[in-house]
Amino acid sequence: MSLDDERVRFYLRHAEQIEAWAALRVDVAEAVHAWLARLAEPLEGIASEAGPDVRTFARTDDDTTYPKLFLRREHWPMKDGSPTVAIGLEWQRTKTTFRGGSLPYVGVRASKGEPVGAALRASEAFSQLRRARRDKSSDWWAAWAEVPCPDGFPDARDAARDALVSAIRSAWQAYAPLVDAALRGAPRG
């Protein structure tokens, strides 16, 4: 790379504007966060459809790095005020913009260090379903997948909302019975 490279020269000629535009990412992420947090209302609808023992769990307050909107059964375990297993939506507050790999994700949040998380990962039925759905796994998530943004967001925000709600509903319908089975077999910790 040298000062004669056209990309370097372009940046140097337009650095102030480029940096000003890049700084908008912070504001965009906050606007997306506020919009995602409003999905708590349709999540309540899914909970009431799913049964009388299904509850929502939301953490979208200002000091939360990873806001979340979850579904859980009333008897699923909690630890320190948070569910040890839940199904739903999470995003990274300061980075989720629906662009460039910064997408919200849906799945089963269950740490592999918790008994239910270990039981889920040991379940062949769960593993088969996760693979069939093409969901990923991580230390904190037994199964998860990013939810792509429909073209035209934010003008297509209704389509984006519908895609996210549908992904949460689908994950619940697919995984809740396997969470129940894992809890029946997992030691209580």
# chains A, B, ... in the order shown; residues from 1 in each chain; ligands from 1
>>> residues_around(residues="Lys68 in chain A", least_positions_apart="4", cutoff="6 Å", atoms="only C-alpha atoms", output="list in words")
Ala58, Arg59, Leu89 and Glu90 of chain A
>>> closest_atom_pairs(of="range 89-122 of chain A", to="range 34-54 of chain A", cutoff="12 Å", atoms="only C-alpha atoms", output="Markdown table")
| residue | atom | partner | partner_atom | distance |
| --- | --- | --- | --- | --- |
| A:Leu89 | CA | A:Leu36 | CA | 9.2 |
| A:Glu90 | CA | A:Leu36 | CA | 9.2 |
| A:Trp91 | CA | A:Leu36 | CA | 8.7 |
| A:Gln92 | CA | A:Leu36 | CA | 10.9 |
| A:Arg93 | CA | A:Ala34 | CA | 9.3 |
| A:Thr94 | CA | A:Ala34 | CA | 11.3 |
| A:Thr96 | CA | A:Leu36 | CA | 9.8 |
| A:Thr97 | CA | A:Leu36 | CA | 10.6 |
| A:Phe98 | CA | A:Leu36 | CA | 11.0 |
| A:Leu103 | CA | A:Leu36 | CA | 11.1 |
| A:Pro104 | CA | A:Leu36 | CA | 8.8 |
| A:Tyr105 | CA | A:Leu36 | CA | 11.4 |
>>> write_last_selection(atoms="C-alpha atoms", output="tab-separated table (two decimals), in the first residue's frame")
chain	number	residue	atom	x	y	z
A	89	LEU	CA	-34.40	-13.88	20.46
A	90	GLU	CA	-31.16	-12.17	21.42
A	91	TRP	CA	-29.00	-9.49	19.80
A	92	GLN	CA	-25.89	-7.48	20.51
A	93	ARG	CA	-27.11	-4.06	21.53
A	94	THR	CA	-24.26	-1.92	20.17
A	96	THR	CA	-26.93	-5.24	15.57
A	97	THR	CA	-27.81	-3.23	12.48
A	98	PHE	CA	-29.18	-5.92	10.14
A	103	LEU	CA	-28.06	-9.89	12.87
A	104	PRO	CA	-30.34	-10.93	15.73
A	105	TYR	CA	-30.47	-14.65	16.42
>>> atom_distance(atom1="CA of Arg133 in chain A", atom2="CA of Asp151 in chain A")
22.5 Å
>>> closest_residue(among="A:Glu114, A:Asp5, A:Glu30, A:Asp61", to="Leu183 in chain A", atoms="only C-alpha atoms")
A:Glu114
>>> atom_distance(atom1="CA of Gly152 in chain A", atom2="CA of Gly107 in chain A")
24.7 Å
>>> select_by_dssp(residues="range 39-171 of chain A", states="helix (DSSP H, G or I)", output="JSON, numbers by chain")
{"A": [40, 41, 42, 43, 44, 45, 46, 47, 48, 49, 50, 115, 116, 117, 118, 119, 120, 121, 122, 124, 125, 126, 127, 128, 129, 130, 131, 132, 133, 157, 158, 159, 160, 161, 162, 163, 164, 165, 166, 167, 168, 169, 170, 171]}
>>> atom_distance(atom1="CA of Leu120 in chain A", atom2="CA of Ala167 in chain A")
19.8 Å
>>> residues_around(residues="range 168-171 of chain A", least_positions_apart="2", cutoff="7 Å", atoms="only C-alpha atoms", output="JSON, numbers by chain")
{"A": [46, 87, 88, 89, 106, 107, 164, 165, 166, 173, 174, 175]}
>>> residues_around(residues="Ala163 in chain A", least_positions_apart="3", cutoff="9 Å", atoms="only C-alpha atoms", output="MDAnalysis selection string")
chainID A and resid 147:150 158:160 166:168
>>> select_by_dssp(residues="range 11-146 of chain A", states="strand (DSSP E)", output="ChimeraX atom specification")
/A:54-59,68-73,78-79,82-83,86-90,105-109,141-146
>>> write_last_selection(atoms="C-alpha atoms", output="short mmCIF file (atom, residue, chain, number, x, y, z; two decimals), in the first residue's frame")
data_model
loop_
_atom_site.label_atom_id
_atom_site.label_comp_id
_atom_site.auth_asym_id
_atom_site.auth_seq_id
_atom_site.Cartn_x
_atom_site.Cartn_y
_atom_site.Cartn_z
CA VAL A 54 -45.61 -20.46 29.10
CA ARG A 55 -44.08 -17.19 30.25
CA THR A 56 -42.01 -14.49 28.64
CA PHE A 57 -38.69 -13.22 29.92
CA ALA A 58 -37.42 -9.90 28.61
CA ARG A 59 -34.22 -8.07 29.38
CA LYS A 68 -33.18 -10.85 24.98
CA LEU A 69 -36.81 -11.77 24.52
CA PHE A 70 -37.45 -15.34 25.61
CA LEU A 71 -40.19 -17.88 26.10
CA ARG A 72 -39.98 -20.41 28.92
CA ARG A 73 -42.23 -22.76 30.77
CA MET A 78 -33.99 -20.05 36.88
CA LYS A 79 -30.67 -18.96 38.35
CA SER A 82 -32.53 -15.43 34.72
CA PRO A 83 -33.66 -18.62 33.01
CA ALA A 86 -35.19 -20.45 27.30
CA ILE A 87 -36.17 -20.18 23.67
CA GLY A 88 -36.21 -16.87 21.88
CA LEU A 89 -34.40 -13.88 20.46
CA GLU A 90 -31.16 -12.17 21.42
CA TYR A 105 -30.47 -14.65 16.42
CA VAL A 106 -33.09 -17.12 17.61
CA GLY A 107 -32.74 -20.46 19.32
CA VAL A 108 -32.38 -22.31 22.60
CA ARG A 109 -30.22 -20.50 25.12
CA TRP A 141 -26.64 -21.57 22.95
CA ALA A 142 -27.59 -25.23 22.48
CA ALA A 143 -29.03 -24.18 19.11
CA TRP A 144 -29.17 -20.82 17.36
CA ALA A 145 -29.47 -19.23 13.94
CA GLU A 146 -29.29 -15.67 12.71
#
